[in-house]
$ cat work.cif   # mmCIF, C-alpha atoms and all ligand atoms
data_protein
#
loop_
_atom_site.label_atom_id
_atom_site.label_comp_id
_atom_site.auth_asym_id
_atom_site.auth_seq_id
_atom_site.Cartn_x
_atom_site.Cartn_y
_atom_site.Cartn_z
CA MET A 1 -24.03 6.25 -3.32
CA PHE A 2 -23.15 9.23 -1.17
CA SER A 3 -25.73 12.03 -1.29
CA SER A 4 -24.39 15.46 -2.06
CA THR A 5 -25.27 19.14 -2.33
CA ALA A 6 -24.81 21.68 -5.14
CA ALA A 7 -21.38 22.70 -6.47
CA LYS A 8 -19.52 25.63 -4.94
CA THR A 9 -19.93 28.99 -6.63
CA GLN A 10 -18.32 31.29 -4.07
CA ILE A 11 -15.71 30.87 -1.35
CA SER A 12 -18.24 31.15 1.46
CA ASP A 13 -19.88 27.97 0.08
CA LEU A 14 -16.90 25.98 1.38
CA ALA A 15 -17.84 23.91 4.42
CA ILE A 16 -14.69 25.03 6.22
CA LEU A 17 -16.09 28.60 6.00
CA GLY A 18 -19.56 27.60 7.14
CA GLY A 19 -21.12 26.28 3.90
CA THR A 20 -22.89 22.93 3.57
CA PRO A 21 -20.52 19.99 2.99
CA VAL A 22 -20.63 18.61 -0.57
CA PHE A 23 -21.22 15.10 0.83
CA THR A 24 -23.51 14.28 3.71
CA GLU A 25 -21.47 11.17 4.65
CA LYS A 26 -17.73 10.76 4.88
CA ILE A 27 -15.99 9.30 1.82
CA HIS A 28 -12.85 7.54 2.98
CA VAL A 29 -9.63 6.56 1.25
CA GLY A 30 -9.37 2.78 1.47
CA LYS A 31 -13.01 1.96 2.21
CA PRO A 32 -13.08 -1.84 1.81
CA ASN A 33 -13.93 -3.33 -1.57
CA VAL A 34 -16.81 -5.77 -1.07
CA PRO A 35 -17.00 -8.84 -3.30
CA ASP A 36 -20.10 -10.90 -4.24
CA ARG A 37 -22.00 -11.31 -0.97
CA GLU A 38 -23.90 -14.54 -1.82
CA LEU A 39 -20.76 -16.30 -2.97
CA LEU A 40 -18.97 -15.32 0.23
CA LEU A 41 -21.82 -16.47 2.46
CA GLU A 42 -21.94 -19.82 0.66
CA ARG A 43 -18.29 -20.33 1.45
CA VAL A 44 -18.80 -19.26 5.07
CA ASN A 45 -21.51 -21.92 5.39
CA ASP A 46 -19.10 -24.52 4.00
CA ILE A 47 -16.57 -23.58 6.68
CA LEU A 48 -19.14 -23.95 9.45
CA ASP A 49 -20.24 -27.33 8.08
CA ARG A 50 -16.67 -28.55 7.70
CA GLN A 51 -15.52 -27.28 11.14
CA TRP A 52 -12.00 -26.79 9.83
CA PHE A 53 -11.45 -23.15 10.77
CA THR A 54 -7.71 -22.68 10.46
CA ASN A 55 -4.37 -24.60 10.24
CA ASP A 56 -3.85 -24.82 6.48
CA GLY A 57 -7.53 -25.42 5.74
CA PRO A 58 -8.93 -26.27 2.30
CA TYR A 59 -9.80 -22.64 1.44
CA VAL A 60 -6.33 -21.46 2.42
CA GLN A 61 -4.82 -24.14 0.20
CA GLU A 62 -7.14 -23.24 -2.66
CA LEU A 63 -6.38 -19.54 -2.28
CA GLU A 64 -2.63 -20.18 -2.24
CA ALA A 65 -2.84 -22.27 -5.41
CA LYS A 66 -5.01 -19.69 -7.20
CA LEU A 67 -2.84 -16.77 -6.13
CA ALA A 68 0.35 -18.54 -7.24
CA ALA A 69 -1.21 -19.27 -10.64
CA PHE A 70 -2.55 -15.72 -11.00
CA LEU A 71 0.82 -14.19 -10.08
CA GLY A 72 2.87 -16.66 -12.11
CA VAL A 73 5.01 -17.66 -9.14
CA LYS A 74 5.84 -21.14 -7.81
CA HIS A 75 4.97 -20.66 -4.14
CA CYS A 76 2.43 -18.56 -2.29
CA ILE A 77 2.22 -18.76 1.50
CA ALA A 78 -0.90 -17.09 2.91
CA MET A 79 -0.49 -15.22 6.20
CA CYS A 80 -2.59 -13.58 8.89
CA ASN A 81 -1.46 -10.09 7.79
CA GLY A 82 1.18 -8.29 5.76
CA THR A 83 3.32 -7.25 8.72
CA ILE A 84 3.81 -10.80 10.05
CA ALA A 85 4.43 -11.88 6.46
CA LEU A 86 7.20 -9.26 6.19
CA GLU A 87 8.66 -10.37 9.52
CA ILE A 88 8.70 -14.01 8.45
CA ALA A 89 10.21 -13.21 5.03
CA ILE A 90 12.95 -11.17 6.74
CA ARG A 91 13.60 -13.92 9.31
CA ALA A 92 13.56 -16.79 6.82
CA THR A 93 16.06 -15.03 4.55
CA GLU A 94 18.30 -14.56 7.62
CA LEU A 95 18.69 -10.81 7.36
CA THR A 96 20.68 -9.24 10.20
CA GLY A 97 22.56 -5.99 10.92
CA GLU A 98 21.31 -3.32 8.54
CA VAL A 99 18.72 -3.41 5.77
CA ILE A 100 18.16 -0.52 3.37
CA VAL A 101 14.53 0.66 3.11
CA PRO A 102 12.74 3.78 1.95
CA SER A 103 11.46 6.12 4.66
CA PHE A 104 8.65 7.10 2.29
CA THR A 105 6.52 4.02 3.03
CA PHE A 106 4.01 2.74 5.56
CA ILE A 107 5.63 2.33 9.00
CA ALA A 108 5.25 -1.49 8.95
CA THR A 109 8.06 -1.78 6.38
CA ALA A 110 10.53 -0.37 8.93
CA HIS A 111 8.94 -1.96 12.00
CA ALA A 112 9.17 -5.48 10.53
CA LEU A 113 12.97 -5.05 10.65
CA GLN A 114 13.29 -3.18 13.94
CA TRP A 115 10.96 -5.69 15.63
CA GLN A 116 13.66 -8.31 15.21
CA GLY A 117 16.63 -6.14 16.05
CA ILE A 118 17.61 -5.26 12.48
CA THR A 119 18.41 -1.62 11.76
CA PRO A 120 16.29 -0.06 9.01
CA VAL A 121 18.64 2.27 7.12
CA PHE A 122 16.43 4.90 5.53
CA CYS A 123 17.19 5.70 1.94
CA ASP A 124 15.87 8.60 -0.11
CA VAL A 125 13.44 8.13 -2.98
CA ALA A 126 13.53 9.68 -6.45
CA PRO A 127 11.10 12.61 -6.65
CA GLY A 128 9.50 11.50 -9.93
CA THR A 129 8.73 7.88 -9.03
CA HIS A 130 8.54 8.03 -5.19
CA HIS A 131 10.63 4.82 -5.27
CA LEU A 132 14.04 3.97 -3.76
CA ASP A 133 16.77 5.76 -5.71
CA PRO A 134 19.28 3.00 -6.60
CA LYS A 135 22.21 5.47 -6.55
CA ARG A 136 21.43 6.45 -2.97
CA VAL A 137 20.96 2.77 -2.02
CA GLU A 138 24.49 1.98 -3.12
CA GLU A 139 25.92 4.84 -1.02
CA LEU A 140 24.31 3.46 2.15
CA ILE A 141 25.82 -0.04 1.96
CA THR A 142 28.17 -0.81 4.86
CA PRO A 143 29.86 -4.03 6.03
CA ARG A 144 26.79 -4.59 8.24
CA THR A 145 24.29 -4.40 5.35
CA THR A 146 22.63 -7.73 4.53
CA GLY A 147 19.67 -6.73 2.41
CA ILE A 148 17.53 -4.26 0.52
CA LEU A 149 13.77 -4.06 1.08
CA GLY A 150 12.18 -2.23 -1.86
CA VAL A 151 8.57 -1.05 -1.86
CA HIS A 152 6.32 -1.06 -4.96
CA LEU A 153 4.53 2.10 -3.94
CA TRP A 154 1.09 2.94 -5.39
CA GLY A 155 1.08 -0.42 -7.22
CA GLN A 156 3.96 0.63 -9.46
CA ALA A 157 7.09 -1.49 -9.62
CA CYS A 158 10.14 0.07 -7.97
CA GLU A 159 13.50 0.03 -9.80
CA ILE A 160 13.65 -3.78 -9.82
CA GLU A 161 16.50 -4.32 -12.31
CA ALA A 162 18.78 -1.67 -10.79
CA LEU A 163 18.21 -3.03 -7.28
CA GLU A 164 18.77 -6.60 -8.50
CA GLU A 165 22.07 -5.56 -10.06
CA ILE A 166 23.25 -3.92 -6.82
CA ALA A 167 22.08 -6.84 -4.67
CA GLN A 168 23.88 -9.35 -6.86
CA ARG A 169 27.13 -7.38 -7.10
CA ARG A 170 27.22 -6.59 -3.36
CA ASN A 171 25.94 -10.00 -2.26
CA LEU A 172 22.78 -8.71 -0.58
CA THR A 173 19.33 -10.25 -0.24
CA LEU A 174 16.61 -8.40 -2.13
CA LEU A 175 13.04 -8.47 -0.82
CA PHE A 176 10.02 -6.46 -1.93
CA ASP A 177 7.15 -5.05 0.08
CA ALA A 178 4.38 -5.49 -2.51
CA ALA A 179 1.56 -4.49 -0.14
CA HIS A 180 0.23 -1.98 -2.71
CA ALA A 181 0.92 -4.04 -5.80
CA PHE A 182 -1.44 -6.99 -5.95
CA ALA A 183 -2.58 -7.58 -9.57
CA CYS A 184 0.11 -5.25 -10.95
CA SER A 185 2.80 -6.12 -13.48
CA HIS A 186 6.31 -5.08 -14.44
CA ASN A 187 7.31 -5.50 -18.12
CA GLY A 188 4.29 -7.78 -18.43
CA GLN A 189 5.35 -10.05 -15.55
CA MET A 190 3.14 -10.00 -12.47
CA ILE A 191 4.68 -8.55 -9.33
CA GLY A 192 5.18 -11.49 -6.96
CA SER A 193 8.12 -13.30 -8.50
CA PHE A 194 10.84 -10.67 -8.21
CA GLY A 195 13.72 -10.71 -5.71
CA ARG A 196 14.14 -13.54 -3.19
CA ALA A 197 10.53 -13.08 -2.08
CA GLU A 198 7.73 -10.53 -2.25
CA VAL A 199 5.20 -9.71 0.45
CA PHE A 200 1.55 -8.71 -0.04
CA SER A 201 -0.95 -7.22 2.38
CA PHE A 202 -4.61 -8.17 2.13
CA HIS A 203 -5.69 -5.70 4.82
CA ALA A 204 -9.26 -4.36 4.55
CA THR A 205 -8.02 -1.05 3.09
CA LYS A 206 -5.97 -2.67 0.36
CA PHE A 207 -7.18 -3.31 -3.19
CA PHE A 208 -7.58 -7.05 -2.59
CA ASN A 209 -8.64 -7.80 0.97
CA THR A 210 -9.24 -10.80 3.20
CA PHE A 211 -10.40 -8.61 6.18
CA GLU A 212 -6.86 -9.04 7.58
CA GLY A 213 -4.34 -11.08 5.65
CA GLY A 214 -1.25 -11.22 3.54
CA ALA A 215 1.01 -13.55 1.62
CA ILE A 216 4.62 -14.22 0.72
CA THR A 217 5.45 -15.32 -2.81
CA THR A 218 8.73 -16.82 -3.99
CA ASN A 219 10.18 -19.16 -6.61
CA ASP A 220 12.57 -20.64 -4.03
CA GLY A 221 11.17 -23.99 -2.81
CA ASP A 222 13.48 -24.37 0.20
CA LEU A 223 12.69 -20.86 1.36
CA ALA A 224 8.94 -21.47 0.91
CA ARG A 225 9.12 -24.62 3.04
CA LYS A 226 10.98 -22.77 5.79
CA MET A 227 8.46 -19.93 5.78
CA ARG A 228 5.59 -22.43 6.06
CA PHE A 229 7.22 -23.87 9.20
CA MET A 230 7.77 -20.40 10.63
CA ARG A 231 4.14 -19.50 9.98
CA ASN A 232 3.06 -22.40 12.23
CA PHE A 233 5.35 -22.20 15.31
CA GLY A 234 8.12 -24.06 13.43
CA PHE A 235 6.16 -27.32 13.36
CA ALA A 236 7.32 -29.73 10.66
CA GLY A 237 4.90 -32.45 11.84
CA TYR A 238 3.15 -33.58 15.02
CA ASP A 239 5.46 -32.82 17.97
CA ASP A 240 8.33 -31.95 15.60
CA VAL A 241 9.56 -28.34 15.77
CA GLN A 242 12.37 -27.40 13.37
CA TYR A 243 12.65 -23.59 13.60
CA VAL A 244 11.78 -20.75 15.90
CA GLY A 245 8.34 -19.84 14.64
CA THR A 246 5.38 -17.62 15.22
CA ASN A 247 1.69 -17.77 14.45
CA GLY A 248 1.21 -16.29 11.00
CA LYS A 249 -1.60 -18.54 9.81
CA MET A 250 -4.48 -17.28 7.69
CA ASN A 251 -7.90 -18.51 8.84
CA GLU A 252 -10.58 -20.02 6.60
CA ILE A 253 -12.96 -17.04 6.69
CA SER A 254 -10.18 -14.80 5.39
CA ALA A 255 -9.32 -17.34 2.69
CA ALA A 256 -13.03 -17.53 1.70
CA MET A 257 -13.02 -13.74 1.38
CA GLY A 258 -9.87 -13.93 -0.75
CA LEU A 259 -11.36 -16.54 -3.08
CA THR A 260 -14.52 -14.45 -3.46
CA MET A 261 -12.44 -11.31 -4.11
CA LEU A 262 -10.62 -13.20 -6.86
CA ASP A 263 -14.01 -13.98 -8.43
CA SER A 264 -14.88 -10.25 -8.35
CA LEU A 265 -11.44 -8.91 -9.30
CA GLY A 266 -12.28 -7.80 -12.83
CA ALA A 267 -15.24 -5.70 -11.70
CA ILE A 268 -13.22 -4.02 -8.93
CA ILE A 269 -10.36 -3.13 -11.28
CA GLN A 270 -12.87 -1.78 -13.80
CA ARG A 271 -14.45 0.57 -11.26
CA ASN A 272 -11.07 1.74 -9.98
CA GLN A 273 -9.88 2.34 -13.53
CA GLU A 274 -13.03 4.26 -14.41
CA ASN A 275 -12.58 6.47 -11.34
CA TYR A 276 -8.89 6.89 -12.15
CA HIS A 277 -9.68 8.12 -15.67
CA ILE A 278 -12.03 10.78 -14.33
CA TYR A 279 -9.45 11.96 -11.79
CA GLN A 280 -6.78 11.97 -14.48
CA GLU A 281 -8.88 13.94 -16.94
CA GLN A 282 -10.02 16.48 -14.34
CA LEU A 283 -6.80 16.95 -12.38
CA SER A 284 -3.92 16.50 -14.84
CA GLY A 285 -2.07 19.64 -15.77
CA LEU A 286 -3.54 21.92 -13.09
CA PRO A 287 -0.93 24.49 -12.03
CA GLY A 288 0.86 23.45 -8.85
CA MET A 289 -0.60 19.96 -8.88
CA ARG A 290 1.10 16.81 -10.12
CA PHE A 291 -1.18 13.86 -10.76
CA ILE A 292 0.59 10.49 -10.43
CA GLU A 293 -0.17 8.52 -13.57
CA HIS A 294 -0.51 4.74 -13.77
CA ASP A 295 1.19 3.02 -16.70
CA GLU A 296 -1.75 1.57 -18.64
CA ASP A 297 0.51 -0.66 -20.72
CA GLU A 298 1.02 -2.65 -17.52
CA GLN A 299 -1.53 -4.40 -15.29
CA ARG A 300 -2.59 -1.98 -12.58
CA ASN A 301 -5.08 -2.08 -9.70
CA TYR A 302 -5.66 1.73 -9.78
CA GLN A 303 -6.18 1.65 -6.01
CA TYR A 304 -4.07 4.74 -5.30
CA ILE A 305 -5.12 8.13 -6.61
CA VAL A 306 -2.14 10.24 -5.64
CA ILE A 307 -1.44 13.94 -6.14
CA GLU A 308 1.39 16.27 -5.16
CA ILE A 309 0.76 19.91 -4.30
CA ASP A 310 3.52 22.44 -4.87
CA GLU A 311 2.50 25.38 -2.69
CA GLY A 312 4.74 27.86 -4.52
CA VAL A 313 2.75 27.38 -7.74
CA ALA A 314 -0.65 26.23 -6.43
CA GLY A 315 -0.94 29.10 -3.96
CA ILE A 316 -2.16 26.72 -1.26
CA ASN A 317 -0.42 23.87 0.54
CA ARG A 318 -1.28 20.19 0.81
CA ASP A 319 -2.34 20.41 4.47
CA ALA A 320 -4.79 23.22 3.77
CA LEU A 321 -6.32 21.32 0.85
CA VAL A 322 -6.70 18.20 3.01
CA LYS A 323 -8.40 20.26 5.72
CA ILE A 324 -10.79 21.87 3.24
CA LEU A 325 -11.68 18.47 1.74
CA HIS A 326 -12.23 16.92 5.19
CA ALA A 327 -14.75 19.66 5.97
CA GLU A 328 -16.60 18.60 2.80
CA ASN A 329 -16.57 14.97 4.06
CA VAL A 330 -13.92 13.90 1.58
CA ILE A 331 -11.43 12.17 3.86
CA ALA A 332 -8.31 12.60 1.71
CA ARG A 333 -5.12 11.35 3.39
CA ARG A 334 -1.59 12.70 3.73
CA TYR A 335 0.85 9.99 2.67
CA PHE A 336 3.25 9.07 4.38
CA TYR A 337 3.28 11.93 6.79
CA PRO A 338 5.65 12.62 8.55
CA GLY A 339 7.82 9.80 7.09
CA CYS A 340 9.13 6.75 8.98
CA HIS A 341 12.36 8.52 9.98
CA GLN A 342 10.34 11.19 11.80
CA MET A 343 8.34 8.68 13.86
CA GLU A 344 9.43 6.83 16.99
CA PRO A 345 11.62 5.03 17.71
CA TYR A 346 13.50 6.06 14.57
CA ARG A 347 13.33 9.79 15.24
CA SER A 348 15.20 9.24 18.53
CA TYR A 349 17.55 6.55 17.21
CA PHE A 350 18.54 8.49 14.08
CA PRO A 351 17.90 12.17 14.73
CA HIS A 352 19.95 13.21 11.67
CA ALA A 353 18.47 10.71 9.19
CA GLY A 354 16.59 13.53 7.49
CA LEU A 355 19.83 15.10 6.25
CA LEU A 356 20.11 12.29 3.71
CA LEU A 357 16.41 12.36 2.80
CA PRO A 358 15.75 15.69 1.04
CA ASN A 359 13.27 14.26 -1.48
CA THR A 360 11.39 12.31 1.19
CA ASN A 361 11.19 15.39 3.41
CA LYS A 362 9.61 17.34 0.58
CA LEU A 363 7.19 14.58 -0.49
CA VAL A 364 5.81 14.07 3.01
CA THR A 365 4.59 17.69 2.87
CA GLN A 366 3.21 17.50 -0.69
CA VAL A 367 1.65 14.08 -1.31
CA MET A 368 -1.95 13.12 -0.67
CA ALA A 369 -4.33 10.33 -1.70
CA LEU A 370 -7.95 10.71 -2.86
CA PRO A 371 -10.82 8.23 -2.40
CA THR A 372 -11.61 5.48 -4.89
CA GLY A 373 -12.78 1.85 -4.79
CA VAL A 374 -16.08 0.13 -5.50
CA SER A 375 -17.99 2.26 -2.98
CA VAL A 376 -17.05 5.50 -4.78
CA GLN A 377 -19.24 6.25 -7.81
CA PRO A 378 -17.92 8.07 -10.89
CA GLU A 379 -20.39 10.94 -10.25
CA GLU A 380 -18.85 11.38 -6.82
CA VAL A 381 -15.37 11.50 -8.30
CA VAL A 382 -16.56 14.28 -10.61
CA LYS A 383 -17.79 16.24 -7.57
CA ILE A 384 -14.52 15.72 -5.71
CA CYS A 385 -12.59 16.96 -8.75
CA ASP A 386 -14.88 19.99 -9.16
CA MET A 387 -14.16 20.93 -5.58
CA ILE A 388 -10.40 20.57 -5.92
CA ARG A 389 -10.46 22.67 -9.08
CA PHE A 390 -12.56 25.29 -7.31
CA VAL A 391 -10.10 25.44 -4.41
CA LEU A 392 -7.09 25.75 -6.73
CA ALA A 393 -8.81 28.42 -8.84
CA HIS A 394 -9.38 30.54 -5.72
CA ALA A 395 -6.29 29.41 -3.83
CA VAL A 396 -4.93 32.79 -2.80
CA GLU A 397 -8.24 34.15 -1.48
CA ILE A 398 -9.02 30.87 0.26
CA LYS A 399 -5.63 30.75 1.91
CA GLN A 400 -6.21 34.20 3.39
CA ARG A 401 -9.43 32.99 4.98
CA VAL A 402 -8.48 29.46 6.03
CA TYR A 403 -6.09 29.45 8.94
CA VAL A 404 -3.68 26.54 8.72
CA GLU A 405 -1.16 25.72 11.40
C1 LIG B 501 -0.52 -2.08 4.52
C2 LIG B 501 0.97 -2.11 4.39
C3 LIG B 501 1.76 -2.97 5.15
C4 LIG B 501 1.21 -3.77 6.30
O1 LIG B 501 0.29 -4.72 5.96
P1 LIG B 501 -0.78 -5.23 7.08
O2 LIG B 501 -1.52 -6.31 6.35
O3 LIG B 501 -1.65 -4.07 7.40
O4 LIG B 501 -0.04 -5.74 8.24
C5 LIG B 501 3.12 -2.99 4.91
N1 LIG B 501 3.68 -2.21 3.97
C6 LIG B 501 2.96 -1.35 3.22
C7 LIG B 501 3.64 -0.51 2.19
C8 LIG B 501 1.58 -1.25 3.42
O5 LIG B 501 0.88 -0.37 2.70
#
$ encode --input "work.cif" --output "structure tokens" --more "lines below"
Ligand SMILES: *Cc1c(COP(=O)(O)O)cnc(C)c1O
Amino acid sequence: MFSSTAAKTQISDLAILGGTPVFTEKIHVGKPNVPDRELLLERVNDILDRQWFTNDGPYVQELEAKLAAFLGVKHCIAMCNGTIALEIAIRATELTGEVIVPSFTFIATAHALQWQGITPVFCDVAPGTHHLDPKRVEELITPRTTGILGVHLWGQACEIEALEEIAQRRNLTLLFDAAHAFACSHNGQMIGSFGRAEVFSFHATKFFNTFEGGAITTNDGDLARKMRFMRNFGFAGYDDVQYVGTNGKMNEISAAMGLTMLDSLGAIIQRNQENYHIYQEQLSGLPGMRFIEHDEDEQRNYQYIVIEIDEGVAGINRDALVKILHAENVIARRYFYPGCHQMEPYRSYFPHAGLLLPNTNKLVTQVMALPTGVSVQPEEVVKICDMIRFVLAHAVEIKQRVYVE
């Protein structure tokens, strides 16, 4: 529980103008969800007794089997992190040349391609969904294109059917970056079995975490076998190397964390959903603010509380609101500022990429994420919402007093 001070009644109460911050400690976006401590420590003791720390250990095998069953997919290959998992999925599916990706994503989506000499071709997203716009994808296909890498942003499925149709017709490989979408469904089917393969991140800041970790899921047995070799230096047996490989192995402590997170999953989703409902009730329909809704007919992890600020209507811009909240110790985050295409090396490689990314360019100035997770109490969410409503209600006056570059 974060301790807090009284609500704001006048503009000079804002911490950025010298008032006392609403919270005495920082509340972060993506503070790790902690599962049952005793259960985790029991498993850690088992690992120390067994002295089998890594290399496809019993907890890794158990986690893979449980994740595959939970996601309704034939194969799950646990990895040391989501980025290496992406790199291995891209390598194992033999992508080369150009691959179409959104620019409105975390930088690792693009880097996993560039790292192995494949050109990420940045495609615009649809403003409503924040997902790859299939029409724009089709326009970017060239003779060098070998694949499409879609991203299920905010735990919501991207346009899976439309992308599948394009990939099939144009003979392209379809992969999904599902880093945000663990425990989420699409038309009732869990994300994890779409495309050739899907890639999860279990980084500490993600909904389901193994400290560091990730996984690839696929229904393709040959591909799964190849990715298992690649995860372990290409070894197919003692002294028998079959592929160029890397070290993508998950260790036993991470797998123990994953198994314990699975045991606690229901409680974590419940807290996230409770927080989401408060945010939704308090922030939906405010002028100049769009609250990104989660489809409650589907399975959702409710890990991303995302809003868009339209300065023209709200009277204040996203960056100013983020600055004001930071002063109050609410560490809201700009997502994905400034966009992959405006970061190096892509900014230098493709200086005109932005011309084809009007929606992305707008979103990177308007979108922000608010804190949730098991460490954020519903009462704290209420206080965060009160503050945002206060700022919006006095936007014009506040803007005159808060200098923003
Ligand atoms: C977190 C994330 C990754 C990278 O995963 P790591 O486990 O941190 O390597 C990739 N793509 C997206 C969209 C992410 O959010």
$ residues_near_ligand --input "work.cif" --ligand "ligand LIG 501 (chain B)" --cutoff "10 Å" --atoms "only C-alpha atoms and all ligand atoms" --output "ChimeraX atom specification"
/A:79-87,104-112,150-155,176-181,199-206,209-215,336
$ atom_distance --input "work.cif" --atom1 "atom CA of Asp222 of chain A" --atom2 "atom CA of Ile160 of chain A"
22.9 Å
$ closest_residue --input "work.cif" --among "A:Phe235, A:His294, A:Asn251, A:Gly373" --to "Gln270 of chain A" --atoms "all atoms listed in the file"
A:Gly373
$ closest_residue --input "work.cif" --among "A:Arg401, A:Val396, A:His75, A:Phe390" --to "Ala7 of chain A" --atoms "all atoms listed in the file"
A:Phe390
$ atom_distance --input "work.cif" --atom1 "atom CA of Trp115 of chain A" --atom2 "atom CA of Ala157 of chain A"
25.9 Å
$ closest_residue --input "work.cif" --among "A:Asp124, A:Glu164, A:Glu274, A:Asp220" --to "Lys362 of chain A" --atoms "all atoms listed in the file"
A:Asp124
$ closest_residue --input "work.cif" --among "A:Ala327, A:Leu356, A:Met368, A:Ala126" --to "Lys26 of chain A" --atoms "all atoms listed in the file"
A:Ala327
$ closest_residue --input "work.cif" --among "A:Glu293, A:Glu308, A:Asp36, A:Asp13" --to "Val374 of chain A" --atoms "all atoms listed in the file"
A:Asp36
$ atom_distance --input "work.cif" --atom1 "atom CA of Lys8 of chain A" --atom2 "atom CA of Pro371 of chain A"
19.6 Å
$ closest_residue --input "work.cif" --among "A:Glu64, A:Asp263, A:Asp239, A:Glu198" --to "Val34 of chain A" --atoms "all atoms listed in the file"
A:Asp263
$ residues_around --input "work.cif" --residues "Asp133 of chain A" --least-positions-apart "2" --cutoff "12 Å" --atoms "all atoms listed in the file" --output "ChimeraX atom specification"
/A:100-104,122-131,135-140,148,150-151,158-160,162-163,166,356-357,359-360
$ residues_around --input "work.cif" --residues "Ile47 of chain A" --least-positions-apart "5" --cutoff "12 Å" --atoms "all atoms listed in the file" --output "MDAnalysis selection string"
chainID A and resid 40:42 52:54 57:60 251:257
$ write_last_selection --input "work.cif" --atoms "C-alpha atoms" --output "PDB file, in the frame of the given file"
ATOM      1  CA  LEU A  40     -18.970 -15.320   0.230  1.00  0.00           C
ATOM      2  CA  LEU A  41     -21.820 -16.470   2.460  1.00  0.00           C
ATOM      3  CA  GLU A  42     -21.940 -19.820   0.660  1.00  0.00           C
ATOM      4  CA  TRP A  52     -12.000 -26.790   9.830  1.00  0.00           C
ATOM      5  CA  PHE A  53     -11.450 -23.150  10.770  1.00  0.00           C
ATOM      6  CA  THR A  54      -7.710 -22.680  10.460  1.00  0.00           C
ATOM      7  CA  GLY A  57      -7.530 -25.420   5.740  1.00  0.00           C
ATOM      8  CA  PRO A  58      -8.930 -26.270   2.300  1.00  0.00           C
ATOM      9  CA  TYR A  59      -9.800 -22.640   1.440  1.00  0.00           C
ATOM     10  CA  VAL A  60      -6.330 -21.460   2.420  1.00  0.00           C
ATOM     11  CA  ASN A 251      -7.900 -18.510   8.840  1.00  0.00           C
ATOM     12  CA  GLU A 252     -10.580 -20.020   6.600  1.00  0.00           C
ATOM     13  CA  ILE A 253     -12.960 -17.040   6.690  1.00  0.00           C
ATOM     14  CA  SER A 254     -10.180 -14.800   5.390  1.00  0.00           C
ATOM     15  CA  ALA A 255      -9.320 -17.340   2.690  1.00  0.00           C
ATOM     16  CA  ALA A 256     -13.030 -17.530   1.700  1.00  0.00           C
ATOM     17  CA  MET A 257     -13.020 -13.740   1.380  1.00  0.00           C
TER      18      MET A 257
END
$ residues_around --input "work.cif" --residues "Asn329 of chain A" --least-positions-apart "4" --cutoff "9 Å" --atoms "only C-alpha atoms" --output "NGL selection string"
:A and (21-28 or 325)
$ closest_atom_pairs --input "work.cif" --of "segment 278-362 of chain A" --to "segment 184-195 of chain A" --cutoff "9 Å" --atoms "all atoms listed in the file" --output "Markdown table"
| residue | atom | partner | partner_atom | distance |
| --- | --- | --- | --- | --- |
| A:Asp297 | CA | A:Gly188 | CA | 8.4 |
| A:Glu298 | CA | A:Ser185 | CA | 5.6 |
| A:Gln299 | CA | A:Cys184 | CA | 4.7 |
| A:Arg300 | CA | A:Cys184 | CA | 4.5 |
| A:Asn301 | CA | A:Cys184 | CA | 6.2 |
$ residues_around --input "work.cif" --residues "Thr246 of chain A" --least-positions-apart "6" --cutoff "9 Å" --atoms "all atoms listed in the file" --output "list in words"
Ile84, Ile88, Phe229, Met230, Arg231, Asn232, Phe233 and Gly234 of chain A
$ residues_around --input "work.cif" --residues "Arg334 of chain A" --least-positions-apart "4" --cutoff "12 Å" --atoms "only C-alpha atoms" --output "NGL selection string"
:A and (29 or 104-106 or 305-309 or 317-323 or 325-326 or 338-339 or 363-371)
$ decode --input "work.cif" --residues "segment 351-371 of chain A" --atoms "C-alpha atoms" --output "mmCIF file, in the first residue's frame"
data_model
loop_
_atom_site.group_PDB
_atom_site.id
_atom_site.type_symbol
_atom_site.label_atom_id
_atom_site.label_comp_id
_atom_site.auth_asym_id
_atom_site.auth_seq_id
_atom_site.Cartn_x
_atom_site.Cartn_y
_atom_site.Cartn_z
ATOM 1 C CA PRO A 351 14.948 8.745 -42.654
ATOM 2 C CA HIS A 352 11.680 8.989 -44.612
ATOM 3 C CA ALA A 353 9.888 6.031 -42.996
ATOM 4 C CA GLY A 354 7.633 8.437 -41.118
ATOM 5 C CA LEU A 355 5.966 9.590 -44.341
ATOM 6 C CA LEU A 356 4.143 6.268 -44.474
ATOM 7 C CA LEU A 357 3.349 6.225 -40.745
ATOM 8 C CA PRO A 358 0.884 9.080 -40.096
ATOM 9 C CA ASN A 359 -1.161 7.175 -37.499
ATOM 10 C CA THR A 360 1.942 5.947 -35.675
ATOM 11 C CA ASN A 361 3.402 9.457 -35.615
ATOM 12 C CA LYS A 362 0.240 10.747 -33.974
ATOM 13 C CA LEU A 363 -0.095 7.888 -31.465
ATOM 14 C CA VAL A 364 3.472 8.230 -30.197
ATOM 15 C CA THR A 365 2.532 11.759 -29.046
ATOM 16 C CA GLN A 366 -0.845 10.797 -27.536
ATOM 17 C CA VAL A 367 -0.611 7.366 -25.891
ATOM 18 C CA MET A 368 0.343 6.677 -22.294
ATOM 19 C CA ALA A 369 0.047 3.794 -19.826
ATOM 20 C CA LEU A 370 -1.056 3.997 -16.180
ATOM 21 C CA PRO A 371 0.044 1.772 -13.272
#
